[in-house]
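K.L.:
Handing over input30.pdb, PDB, C-alpha atoms, pLDDT in the B column.
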```
ATOM      1  CA  MET B   1      62.144  97.111 120.288  1.00 45.00           C
ATOM      2  CA  ARG B   2      65.766  97.659 119.270  1.00 45.00           C
ATOM      3  CA  SER B   3      68.350  95.962 121.434  1.00 45.00           C
ATOM      4  CA  GLY B   4      71.051  98.582 120.850  1.00 47.00           C
ATOM      5  CA  VAL B   5      72.801 100.783 118.356  1.00 49.00           C
ATOM      6  CA  GLY B   6      74.228  98.831 115.451  1.00 54.00           C
ATOM      7  CA  SER B   7      72.038  95.784 116.064  1.00 60.00           C
ATOM      8  CA  GLY B   8      70.919  93.992 112.934  1.00 62.00           C
ATOM      9  CA  PRO B   9      67.628  92.142 112.454  1.00 66.00           C
ATOM     10  CA  SER B  10      69.104  88.800 113.564  1.00 66.00           C
ATOM     11  CA  VAL B  11      70.164  90.316 116.915  1.00 64.00           C
ATOM     12  CA  ARG B  12      66.847  92.108 117.394  1.00 69.00           C
ATOM     13  CA  HIS B  13      64.931  88.893 116.758  1.00 70.00           C
ATOM     14  CA  GLY B  14      67.158  86.745 118.998  1.00 71.00           C
ATOM     15  CA  ALA B  15      68.851  84.673 116.275  1.00 71.00           C
ATOM     16  CA  ASN B  16      72.328  86.011 117.151  1.00 74.00           C
ATOM     17  CA  PRO B  17      73.607  87.116 120.562  1.00 74.00           C
ATOM     18  CA  SER B  18      75.644  89.968 119.026  1.00 73.00           C
ATOM     19  CA  ASN B  19      76.098  91.760 115.736  1.00 71.00           C
ATOM     20  CA  PRO B  20      78.751  89.772 113.777  1.00 69.00           C
ATOM     21  CA  VAL B  21      79.596  92.774 111.558  1.00 68.00           C
ATOM     22  CA  ARG B  22      80.614  94.878 114.559  1.00 69.00           C
ATOM     23  CA  ASP B  23      83.163  92.203 115.548  1.00 66.00           C
ATOM     24  CA  THR B  24      84.628  91.954 112.041  1.00 69.00           C
ATOM     25  CA  GLY B  25      87.950  93.627 111.318  1.00 68.00           C
ATOM     26  CA  ARG B  26      88.420  96.062 108.471  1.00 70.00           C
ATOM     27  CA  LEU B  27      89.444  94.541 105.166  1.00 70.00           C
ATOM     28  CA  ARG B  28      92.773  95.919 104.050  1.00 72.00           C
ATOM     29  CA  LYS B  29      93.636  96.274 100.401  1.00 70.00           C
ATOM     30  CA  PRO B  30      97.109  94.864  99.747  1.00 70.00           C
ATOM     31  CA  ARG B  31      99.629  97.489  98.663  1.00 67.00           C
ATOM     32  CA  ARG B  32     100.675  97.223  95.064  1.00 62.00           C
ATOM     33  CA  THR B  33     104.360  96.613  94.538  1.00 64.00           C
ATOM     34  CA  VAL B  34     105.927  99.429  92.529  1.00 58.00           C
ATOM     35  CA  VAL B  35     108.847  98.433  90.324  1.00 62.00           C
ATOM     36  CA  ALA B  36     111.371 101.249  89.858  1.00 65.00           C
ATOM     37  CA  LEU B  37     112.800 102.020  86.445  1.00 69.00           C
ATOM     38  CA  THR B  38     116.374 101.089  85.630  1.00 75.00           C
ATOM     39  CA  ASP B  39     118.500 103.381  83.438  1.00 76.00           C
ATOM     40  CA  GLU B  40     117.820 101.026  80.536  1.00 82.00           C
ATOM     41  CA  ASN B  41     114.042 101.197  81.162  1.00 75.00           C
ATOM     42  CA  LEU B  42     114.235 104.982  81.400  1.00 75.00           C
ATOM     43  CA  GLN B  43     115.956 105.290  78.026  1.00 77.00           C
ATOM     44  CA  ALA B  44     113.407 102.870  76.514  1.00 79.00           C
ATOM     45  CA  VAL B  45     110.536 105.025  77.847  1.00 77.00           C
ATOM     46  CA  ARG B  46     112.094 108.180  76.431  1.00 76.00           C
ATOM     47  CA  THR B  47     112.628 106.479  73.055  1.00 79.00           C
ATOM     48  CA  ALA B  48     109.004 105.257  73.021  1.00 79.00           C
ATOM     49  CA  ILE B  49     107.758 108.793  73.725  1.00 79.00           C
ATOM     50  CA  ARG B  50     109.979 110.279  70.985  1.00 77.00           C
ATOM     51  CA  ASP B  51     108.753 107.651  68.499  1.00 77.00           C
ATOM     52  CA  TRP B  52     105.129 108.279  69.497  1.00 74.00           C
ATOM     53  CA  ARG B  53     105.576 112.022  68.881  1.00 70.00           C
ATOM     54  CA  ARG B  54     106.691 111.530  65.273  1.00 71.00           C
ATOM     55  CA  PRO B  55     103.870 112.304  62.834  1.00 65.00           C
ATOM     56  CA  ILE B  56     102.509 109.317  60.909  1.00 61.00           C
ATOM     57  CA  PRO B  57     101.813 110.092  57.231  1.00 63.00           C
ATOM     58  CA  GLY B  58      98.108 109.938  56.528  1.00 62.00           C
ATOM     59  CA  ARG B  59      97.034 110.132  60.174  1.00 60.00           C
ATOM     60  CA  PRO B  60      94.731 113.123  60.740  1.00 58.00           C
ATOM     61  CA  GLY B  61      94.712 115.349  63.791  1.00 53.00           C
ATOM     62  CA  PRO B  62      97.119 117.755  65.450  1.00 51.00           C
ATOM     63  CA  ARG B  63     100.740 116.859  65.940  1.00 55.00           C
ATOM     64  CA  HIS B  64     101.688 115.643  69.410  1.00 61.00           C
ATOM     65  CA  SER B  65     103.360 118.277  71.544  1.00 66.00           C
ATOM     66  CA  GLY B  66     106.428 117.688  73.690  1.00 73.00           C
ATOM     67  CA  ASP B  67     104.313 117.839  76.840  1.00 88.00           C
ATOM     68  CA  LEU B  68     104.321 114.114  77.600  1.00 89.00           C
ATOM     69  CA  ALA B  69     108.115 113.814  77.449  1.00 87.00           C
ATOM     70  CA  ASP B  70     108.533 116.890  79.667  1.00 91.00           C
ATOM     71  CA  VAL B  71     105.886 115.720  82.158  1.00 92.00           C
ATOM     72  CA  VAL B  72     107.583 112.320  82.473  1.00 86.00           C
ATOM     73  CA  ASP B  73     111.019 113.933  82.875  1.00 86.00           C
ATOM     74  CA  LEU B  74     109.702 116.207  85.636  1.00 91.00           C
ATOM     75  CA  MET B  75     108.046 113.244  87.374  1.00 88.00           C
ATOM     76  CA  LEU B  76     111.406 111.478  87.328  1.00 82.00           C
ATOM     77  CA  ALA B  77     113.197 114.585  88.588  1.00 86.00           C
ATOM     78  CA  THR B  78     110.813 115.356  91.455  1.00 89.00           C
ATOM     79  CA  GLY B  79     108.934 112.183  92.419  1.00 85.00           C
ATOM     80  CA  ALA B  80     105.676 114.138  91.973  1.00 90.00           C
ATOM     81  CA  ARG B  81     102.347 112.726  90.834  1.00 91.00           C
ATOM     82  CA  ILE B  82     100.823 113.583  87.435  1.00 92.00           C
ATOM     83  CA  GLY B  83      98.224 115.913  88.980  1.00 94.00           C
ATOM     84  CA  GLU B  84     100.948 117.692  90.975  1.00 95.00           C
ATOM     85  CA  ILE B  85     103.149 118.146  87.891  1.00 95.00           C
ATOM     86  CA  LEU B  86     100.258 119.512  85.823  1.00 96.00           C
ATOM     87  CA  ALA B  87      99.331 121.954  88.618  1.00 96.00           C
ATOM     88  CA  LEU B  88     102.782 123.560  88.608  1.00 97.00           C
ATOM     89  CA  ARG B  89     102.970 127.275  87.903  1.00 97.00           C
ATOM     90  CA  TRP B  90     105.952 129.345  86.820  1.00 97.00           C
ATOM     91  CA  GLU B  91     105.808 131.086  90.200  1.00 96.00           C
ATOM     92  CA  ASP B  92     106.516 127.728  91.899  1.00 97.00           C
ATOM     93  CA  LEU B  93     110.025 127.748  90.397  1.00 96.00           C
ATOM     94  CA  ASP B  94     113.200 129.367  91.649  1.00 96.00           C
ATOM     95  CA  LEU B  95     115.665 128.838  88.830  1.00 93.00           C
ATOM     96  CA  ALA B  96     117.838 131.778  89.903  1.00 92.00           C
ATOM     97  CA  ALA B  97     118.846 130.072  93.162  1.00 92.00           C
ATOM     98  CA  GLU B  98     122.302 128.518  93.480  1.00 94.00           C
ATOM     99  CA  ARG B  99     120.488 125.182  93.569  1.00 96.00           C
ATOM    100  CA  PRO B 100     117.320 125.665  91.460  1.00 96.00           C
ATOM    101  CA  THR B 101     114.147 124.480  93.201  1.00 96.00           C
ATOM    102  CA  LEU B 102     110.547 123.650  92.474  1.00 95.00           C
ATOM    103  CA  THR B 103     107.799 123.784  95.100  1.00 96.00           C
ATOM    104  CA  ILE B 104     105.094 121.122  94.858  1.00 94.00           C
ATOM    105  CA  CYS B 105     102.119 122.897  96.424  1.00 94.00           C
ATOM    106  CA  GLY B 106      98.939 121.870  94.617  1.00 95.00           C
ATOM    107  CA  THR B 107      97.254 119.321  92.405  1.00 94.00           C
ATOM    108  CA  LEU B 108      94.597 119.256  89.711  1.00 94.00           C
ATOM    109  CA  VAL B 109      91.130 117.988  90.559  1.00 93.00           C
ATOM    110  CA  PHE B 110      88.048 117.481  88.408  1.00 91.00           C
ATOM    111  CA  VAL B 111      84.718 119.012  89.371  1.00 90.00           C
ATOM    112  CA  LYS B 112      81.705 117.750  87.447  1.00 90.00           C
ATOM    113  CA  GLY B 113      80.249 120.462  85.270  1.00 88.00           C
ATOM    114  CA  GLN B 114      83.277 122.733  85.768  1.00 85.00           C
ATOM    115  CA  GLY B 115      86.241 120.709  84.542  1.00 88.00           C
ATOM    116  CA  PHE B 116      89.745 120.714  86.012  1.00 92.00           C
ATOM    117  CA  PHE B 117      90.948 123.303  88.464  1.00 91.00           C
ATOM    118  CA  ARG B 118      94.017 123.738  90.629  1.00 94.00           C
ATOM    119  CA  GLN B 119      93.563 122.771  94.258  1.00 92.00           C
ATOM    120  CA  PRO B 120      96.109 124.677  96.416  1.00 90.00           C
ATOM    121  CA  TRP B 121      97.123 121.606  98.421  1.00 88.00           C
ATOM    122  CA  THR B 122      98.421 118.160  97.535  1.00 84.00           C
ATOM    123  CA  LYS B 123      96.887 114.697  97.855  1.00 79.00           C
ATOM    124  CA  SER B 124      98.552 114.013 101.210  1.00 76.00           C
ATOM    125  CA  ASP B 125      99.758 116.183 104.099  1.00 74.00           C
ATOM    126  CA  ALA B 126     103.337 115.237 103.265  1.00 72.00           C
ATOM    127  CA  GLY B 127     102.814 116.246  99.637  1.00 78.00           C
ATOM    128  CA  TRP B 128     103.868 119.896 100.008  1.00 88.00           C
ATOM    129  CA  ARG B 129     107.596 120.012  99.425  1.00 91.00           C
ATOM    130  CA  MET B 130     110.431 121.939  97.866  1.00 94.00           C
ATOM    131  CA  VAL B 131     112.588 119.880  95.522  1.00 94.00           C
ATOM    132  CA  VAL B 132     116.082 120.680  94.267  1.00 96.00           C
ATOM    133  CA  LEU B 133     115.998 120.170  90.513  1.00 95.00           C
ATOM    134  CA  PRO B 134     118.626 118.136  88.663  1.00 92.00           C
ATOM    135  CA  ARG B 135     120.398 119.828  85.760  1.00 92.00           C
ATOM    136  CA  PHE B 136     118.430 117.978  83.049  1.00 89.00           C
ATOM    137  CA  ALA B 137     115.115 119.198  84.518  1.00 92.00           C
ATOM    138  CA  VAL B 138     116.350 122.791  84.753  1.00 95.00           C
ATOM    139  CA  GLY B 139     117.385 122.668  81.089  1.00 93.00           C
ATOM    140  CA  MET B 140     113.999 121.258  80.047  1.00 92.00           C
ATOM    141  CA  ILE B 141     112.075 123.903  82.015  1.00 95.00           C
ATOM    142  CA  MET B 142     114.196 126.754  80.632  1.00 94.00           C
ATOM    143  CA  ALA B 143     113.616 125.475  77.090  1.00 93.00           C
ATOM    144  CA  ARG B 144     109.834 125.417  77.762  1.00 92.00           C
ATOM    145  CA  LYS B 145     109.957 128.944  79.173  1.00 93.00           C
ATOM    146  CA  LEU B 146     111.502 130.266  75.951  1.00 93.00           C
ATOM    147  CA  VAL B 147     108.524 129.119  73.864  1.00 90.00           C
ATOM    148  CA  ALA B 148     105.731 129.216  76.467  1.00 89.00           C
ATOM    149  CA  ALA B 149     102.616 131.195  75.609  1.00 89.00           C
ATOM    150  CA  ASP B 150     100.992 133.223  78.373  1.00 93.00           C
ATOM    151  CA  ASN B 151      98.011 131.552  80.017  1.00 95.00           C
ATOM    152  CA  PRO B 152      95.620 132.783  82.720  1.00 95.00           C
ATOM    153  CA  HIS B 153      96.757 130.121  85.213  1.00 95.00           C
ATOM    154  CA  ASP B 154     100.527 130.757  84.907  1.00 95.00           C
ATOM    155  CA  ALA B 155     100.689 126.983  84.243  1.00 96.00           C
ATOM    156  CA  ILE B 156     103.960 125.431  83.132  1.00 96.00           C
ATOM    157  CA  PHE B 157     101.930 122.808  81.250  1.00 95.00           C
ATOM    158  CA  ALA B 158      98.944 124.463  79.579  1.00 93.00           C
ATOM    159  CA  SER B 159      96.764 123.280  76.714  1.00 90.00           C
ATOM    160  CA  ARG B 160      96.757 125.043  73.341  1.00 88.00           C
ATOM    161  CA  ARG B 161      93.729 126.988  74.621  1.00 91.00           C
ATOM    162  CA  GLY B 162      95.534 128.068  77.792  1.00 92.00           C
ATOM    163  CA  THR B 163      93.601 125.716  80.095  1.00 93.00           C
ATOM    164  CA  TRP B 164      95.001 123.153  82.542  1.00 94.00           C
ATOM    165  CA  LEU B 165      96.112 119.933  80.865  1.00 93.00           C
ATOM    166  CA  SER B 166      93.913 116.972  81.760  1.00 93.00           C
ATOM    167  CA  PRO B 167      95.659 114.280  83.866  1.00 93.00           C
ATOM    168  CA  ASN B 168      93.396 111.751  82.106  1.00 92.00           C
ATOM    169  CA  ASN B 169      94.713 112.844  78.700  1.00 91.00           C
ATOM    170  CA  VAL B 170      98.308 112.580  79.914  1.00 90.00           C
ATOM    171  CA  ARG B 171      97.646 109.046  81.208  1.00 90.00           C
ATOM    172  CA  ARG B 172      96.005 108.135  77.869  1.00 89.00           C
ATOM    173  CA  GLN B 173      98.994 109.495  75.933  1.00 87.00           C
ATOM    174  CA  TRP B 174     101.327 107.519  78.208  1.00 83.00           C
ATOM    175  CA  ARG B 175      99.379 104.334  77.374  1.00 84.00           C
ATOM    176  CA  GLU B 176      99.471 105.141  73.643  1.00 82.00           C
ATOM    177  CA  ALA B 177     103.227 105.802  73.725  1.00 80.00           C
ATOM    178  CA  ARG B 178     103.789 102.384  75.327  1.00 78.00           C
ATOM    179  CA  ALA B 179     101.204 100.506  73.260  1.00 75.00           C
ATOM    180  CA  ASP B 180     103.562  98.836  70.793  1.00 70.00           C
ATOM    181  CA  THR B 181     106.448  98.340  73.212  1.00 74.00           C
ATOM    182  CA  ASP B 182     107.270  95.895  75.997  1.00 72.00           C
ATOM    183  CA  LEU B 183     106.815  98.740  78.499  1.00 71.00           C
ATOM    184  CA  ALA B 184     103.167  98.114  79.399  1.00 69.00           C
ATOM    185  CA  TRP B 185     104.225  97.573  83.024  1.00 65.00           C
ATOM    186  CA  VAL B 186     105.651 101.121  83.263  1.00 69.00           C
ATOM    187  CA  THR B 187     103.027 103.165  85.080  1.00 63.00           C
ATOM    188  CA  PRO B 188     103.169 106.682  86.573  1.00 60.00           C
ATOM    189  CA  PRO B 189     104.158 105.318  90.013  1.00 56.00           C
ATOM    190  CA  SER B 190     107.148 103.627  88.323  1.00 53.00           C
ATOM    191  CA  ALA B 191     108.310 107.063  87.279  1.00 54.00           C
ATOM    192  CA  ARG B 192     108.027 108.326  90.855  1.00 52.00           C
ATOM    193  CA  PRO B 193     111.145 106.879  92.474  1.00 49.00           C
ATOM    194  CA  SER B 194     110.602 108.730  95.723  1.00 43.00           C
ATOM    195  CA  PRO B 195     106.886 109.330  96.305  1.00 39.00           C
ATOM    196  CA  PRO B 196     105.874 111.180  99.476  1.00 38.00           C
TER     197      PRO B 196
END
```
Represent the structure from my file as structure tokens, please.

P.N.:
Amino acid sequence: MRSGVGSGPSVRHGANPSNPVRDTGRLRKPRRTVVALTDENLQAVRTAIRDWRRPIPGRPGPRHSGDLADVVDLMLATGARIGEILALRWEDLDLAAERPTLTICGTLVFVKGQGFFRQPWTKSDAGWRMVVLPRFAVGMIMARKLVAADNPHDAIFASRRGTWLSPNNVRRQWREARADTDLAWVTPPSARPSPP
């Protein structure tokens, strides 16, 4: 006969007076320390991305687009996560305002068998926010708008086929751009100086 809910075999058979697991506290994972980028680090990251974009004679495959540099710049400008940046749509912008803004209101998620789709809410409750854009980000977005092809998602960052860009591919490109530099420690959270 069971001696109570949550009783293990040792309690049921009289070896222990109470369930030791029930009296154990939750293990907490220590928070990782995020190191913010200095201006010097920032310029080094931008240089690494520019160098990575240059075509290498004899290397097959399509030329790298400017997406990675623009994604990183927008992360720096807004404090948004990669999935939030890639989920941005042109309708989330208000560049005509006196102080141009961007509304972070979704993120990309992967569904097995279906691929990536835009989830109309962010990772955390505090994730929805309107951000005033610095001048350099406004200039970058306006330059993208001039050459942007239409896509069914109205995505600011769309693939050549008009689909959502994969956050995994962006992370891989980030690693490749840093591969031959001393910037291995620079991770996406480093480029988010003010995460929610």

K.L.:
Might you pull out every residue within 12 Å of B:Ser124, with only C-alpha atoms counted and same-chain residues fewer than 2 positions away left off, and present them as a list in words?

P.N.:
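So, after excluding close chain neighbours, the residues are Ala80, Arg81, Glu84, Ile104, Cys105, Gly106, Thr107, Pro120, Trp121, Thr122, Ala126, Gly127, Trp128, Arg129, Pro195 and Pro196 of chain B.
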
K.L.:
Which is closer to B:Asp154 than all the others in B:Asp92, B:Gln114, B:Thr181, B:Ser166, using all atoms listed in the file?

P.N.:
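For B:Asp154, the nearest of the candidates is B:Asp92.
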
K.L.:
For a quick check of understanding, using only C-alpha atoms, which of B:Gly66, B:Val45, B:Thr78, B:Ser159 has the smallest distance to B:Ala143?

P.N.:
B:Gly66

K.L.:
Can you tell me, as an MDAnalysis selection string, what residues are no more than 12 Å from B:Leu74 when counting only C-alpha atoms, ignoring any on the same chain fewer than 2 positions away?

P.N.:
chainID B and resid 67:72 76:86 88 102 104 131:141 156:157 188 191:193

K.L.:
So how many Å separate atom CA of B:Asp51 and atom CA of B:Thr38, to one decimal?

P.N.:
19.9 Å

K.L.:
Pick from B:Glu40, B:Met130, B:Pro30, B:Arg53: nearest to B:Gln173, with all atoms listed in the file counted?

P.N.:
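Going through B:Glu40, B:Met130, B:Pro30, B:Arg53 one by one, the smallest distance to B:Gln173 is for B:Arg53.
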
K.L.:
On this file, the PyMOL selection byres ((chain B and resi 178) around 12) gives some set of residues; write that set as a ChimeraX atom specification.

P.N.:
/B:41,44-53,68,171-177,179-187

K.L.:
Have a look at atom CA of B:Arg89 and atom CA of B:Lys123 and let me know their distance in Å, one decimal.

P.N.:
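Result for atom CA of B:Arg89 versus atom CA of B:Lys123: 17.2 Å, one decimal.
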
K.L.:
How far is it from atom CA of B:Gly113 to atom CA of B:Asp150, in Å with one decimal?

P.N.:
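Atom CA of B:Asp150 lies at a distance of 25.3 Å from atom CA of B:Gly113.
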
K.L.:
Is it possible to get the residues within 12 Å of (94.8, 126.7, 77.7) (coordinates as in the file, counting only C-alpha atoms) written as a list in words?

P.N.:
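Output: Phe116, Phe117, Ala148, Ala149, Asp150, Asn151, Pro152, His153, Asp154, Ala155, Ile156, Phe157, Ala158, Ser159, Arg160, Arg161, Gly162, Thr163, Trp164, Leu165 and Ser166 of chain B.
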
K.L.:
Mind completing stretch 134-151 of chain B with N, CA and C atoms? Output as a PDB file, in the coordinates of the input, please?

P.N.:
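What follows is the written file out-v3.pdb:
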```
ATOM      1  N   PRO B 134     117.395 118.548  89.348  1.00 92.00           N
ATOM      2  CA  PRO B 134     118.626 118.136  88.663  1.00 92.00           C
ATOM      3  C   PRO B 134     118.822 118.969  87.399  1.00 92.00           C
ATOM      4  N   ARG B 135     120.040 118.985  86.905  1.00 92.00           N
ATOM      5  CA  ARG B 135     120.398 119.828  85.760  1.00 92.00           C
ATOM      6  C   ARG B 135     119.521 119.562  84.535  1.00 92.00           C
ATOM      7  N   PHE B 136     119.212 118.270  84.254  1.00 89.00           N
ATOM      8  CA  PHE B 136     118.430 117.978  83.049  1.00 89.00           C
ATOM      9  C   PHE B 136     117.032 118.579  83.133  1.00 89.00           C
ATOM     10  N   ALA B 137     116.460 118.629  84.349  1.00 92.00           N
ATOM     11  CA  ALA B 137     115.115 119.198  84.518  1.00 92.00           C
ATOM     12  C   ALA B 137     115.155 120.721  84.372  1.00 92.00           C
ATOM     13  N   VAL B 138     116.207 121.335  84.891  1.00 95.00           N
ATOM     14  CA  VAL B 138     116.350 122.791  84.753  1.00 95.00           C
ATOM     15  C   VAL B 138     116.444 123.152  83.274  1.00 95.00           C
ATOM     16  N   GLY B 139     117.251 122.405  82.523  1.00 93.00           N
ATOM     17  CA  GLY B 139     117.385 122.668  81.089  1.00 93.00           C
ATOM     18  C   GLY B 139     116.064 122.525  80.357  1.00 93.00           C
ATOM     19  N   MET B 140     115.291 121.483  80.694  1.00 92.00           N
ATOM     20  CA  MET B 140     113.999 121.258  80.047  1.00 92.00           C
ATOM     21  C   MET B 140     113.035 122.402  80.361  1.00 92.00           C
ATOM     22  N   ILE B 141     112.999 122.829  81.619  1.00 95.00           N
ATOM     23  CA  ILE B 141     112.075 123.903  82.015  1.00 95.00           C
ATOM     24  C   ILE B 141     112.458 125.222  81.353  1.00 95.00           C
ATOM     25  N   MET B 142     113.757 125.510  81.271  1.00 94.00           N
ATOM     26  CA  MET B 142     114.196 126.754  80.632  1.00 94.00           C
ATOM     27  C   MET B 142     113.853 126.747  79.145  1.00 94.00           C
ATOM     28  N   ALA B 143     113.986 125.583  78.505  1.00 93.00           N
ATOM     29  CA  ALA B 143     113.616 125.475  77.090  1.00 93.00           C
ATOM     30  C   ALA B 143     112.113 125.710  76.909  1.00 93.00           C
ATOM     31  N   ARG B 144     111.284 125.190  77.826  1.00 92.00           N
ATOM     32  CA  ARG B 144     109.834 125.417  77.762  1.00 92.00           C
ATOM     33  C   ARG B 144     109.513 126.896  77.937  1.00 92.00           C
ATOM     34  N   LYS B 145     110.221 127.534  78.873  1.00 93.00           N
ATOM     35  CA  LYS B 145     109.957 128.944  79.173  1.00 93.00           C
ATOM     36  C   LYS B 145     110.188 129.823  77.943  1.00 93.00           C
ATOM     37  N   LEU B 146     111.183 129.475  77.144  1.00 93.00           N
ATOM     38  CA  LEU B 146     111.502 130.266  75.951  1.00 93.00           C
ATOM     39  C   LEU B 146     110.369 130.283  74.934  1.00 93.00           C
ATOM     40  N   VAL B 147     109.584 129.217  74.877  1.00 90.00           N
ATOM     41  CA  VAL B 147     108.524 129.119  73.864  1.00 90.00           C
ATOM     42  C   VAL B 147     107.121 129.140  74.473  1.00 90.00           C
ATOM     43  N   ALA B 148     107.037 129.298  75.800  1.00 89.00           N
ATOM     44  CA  ALA B 148     105.731 129.216  76.467  1.00 89.00           C
ATOM     45  C   ALA B 148     104.854 130.414  76.131  1.00 89.00           C
ATOM     46  N   ALA B 149     103.603 130.132  75.814  1.00 89.00           N
ATOM     47  CA  ALA B 149     102.616 131.195  75.609  1.00 89.00           C
ATOM     48  C   ALA B 149     102.015 131.551  76.963  1.00 89.00           C
ATOM     49  N   ASP B 150     101.651 132.814  77.128  1.00 93.00           N
ATOM     50  CA  ASP B 150     100.992 133.223  78.373  1.00 93.00           C
ATOM     51  C   ASP B 150      99.674 132.474  78.509  1.00 93.00           C
ATOM     52  N   ASN B 151      99.310 132.164  79.758  1.00 95.00           N
ATOM     53  CA  ASN B 151      98.011 131.552  80.017  1.00 95.00           C
ATOM     54  C   ASN B 151      97.492 132.101  81.334  1.00 95.00           C
TER      55      ASN B 151
END
```
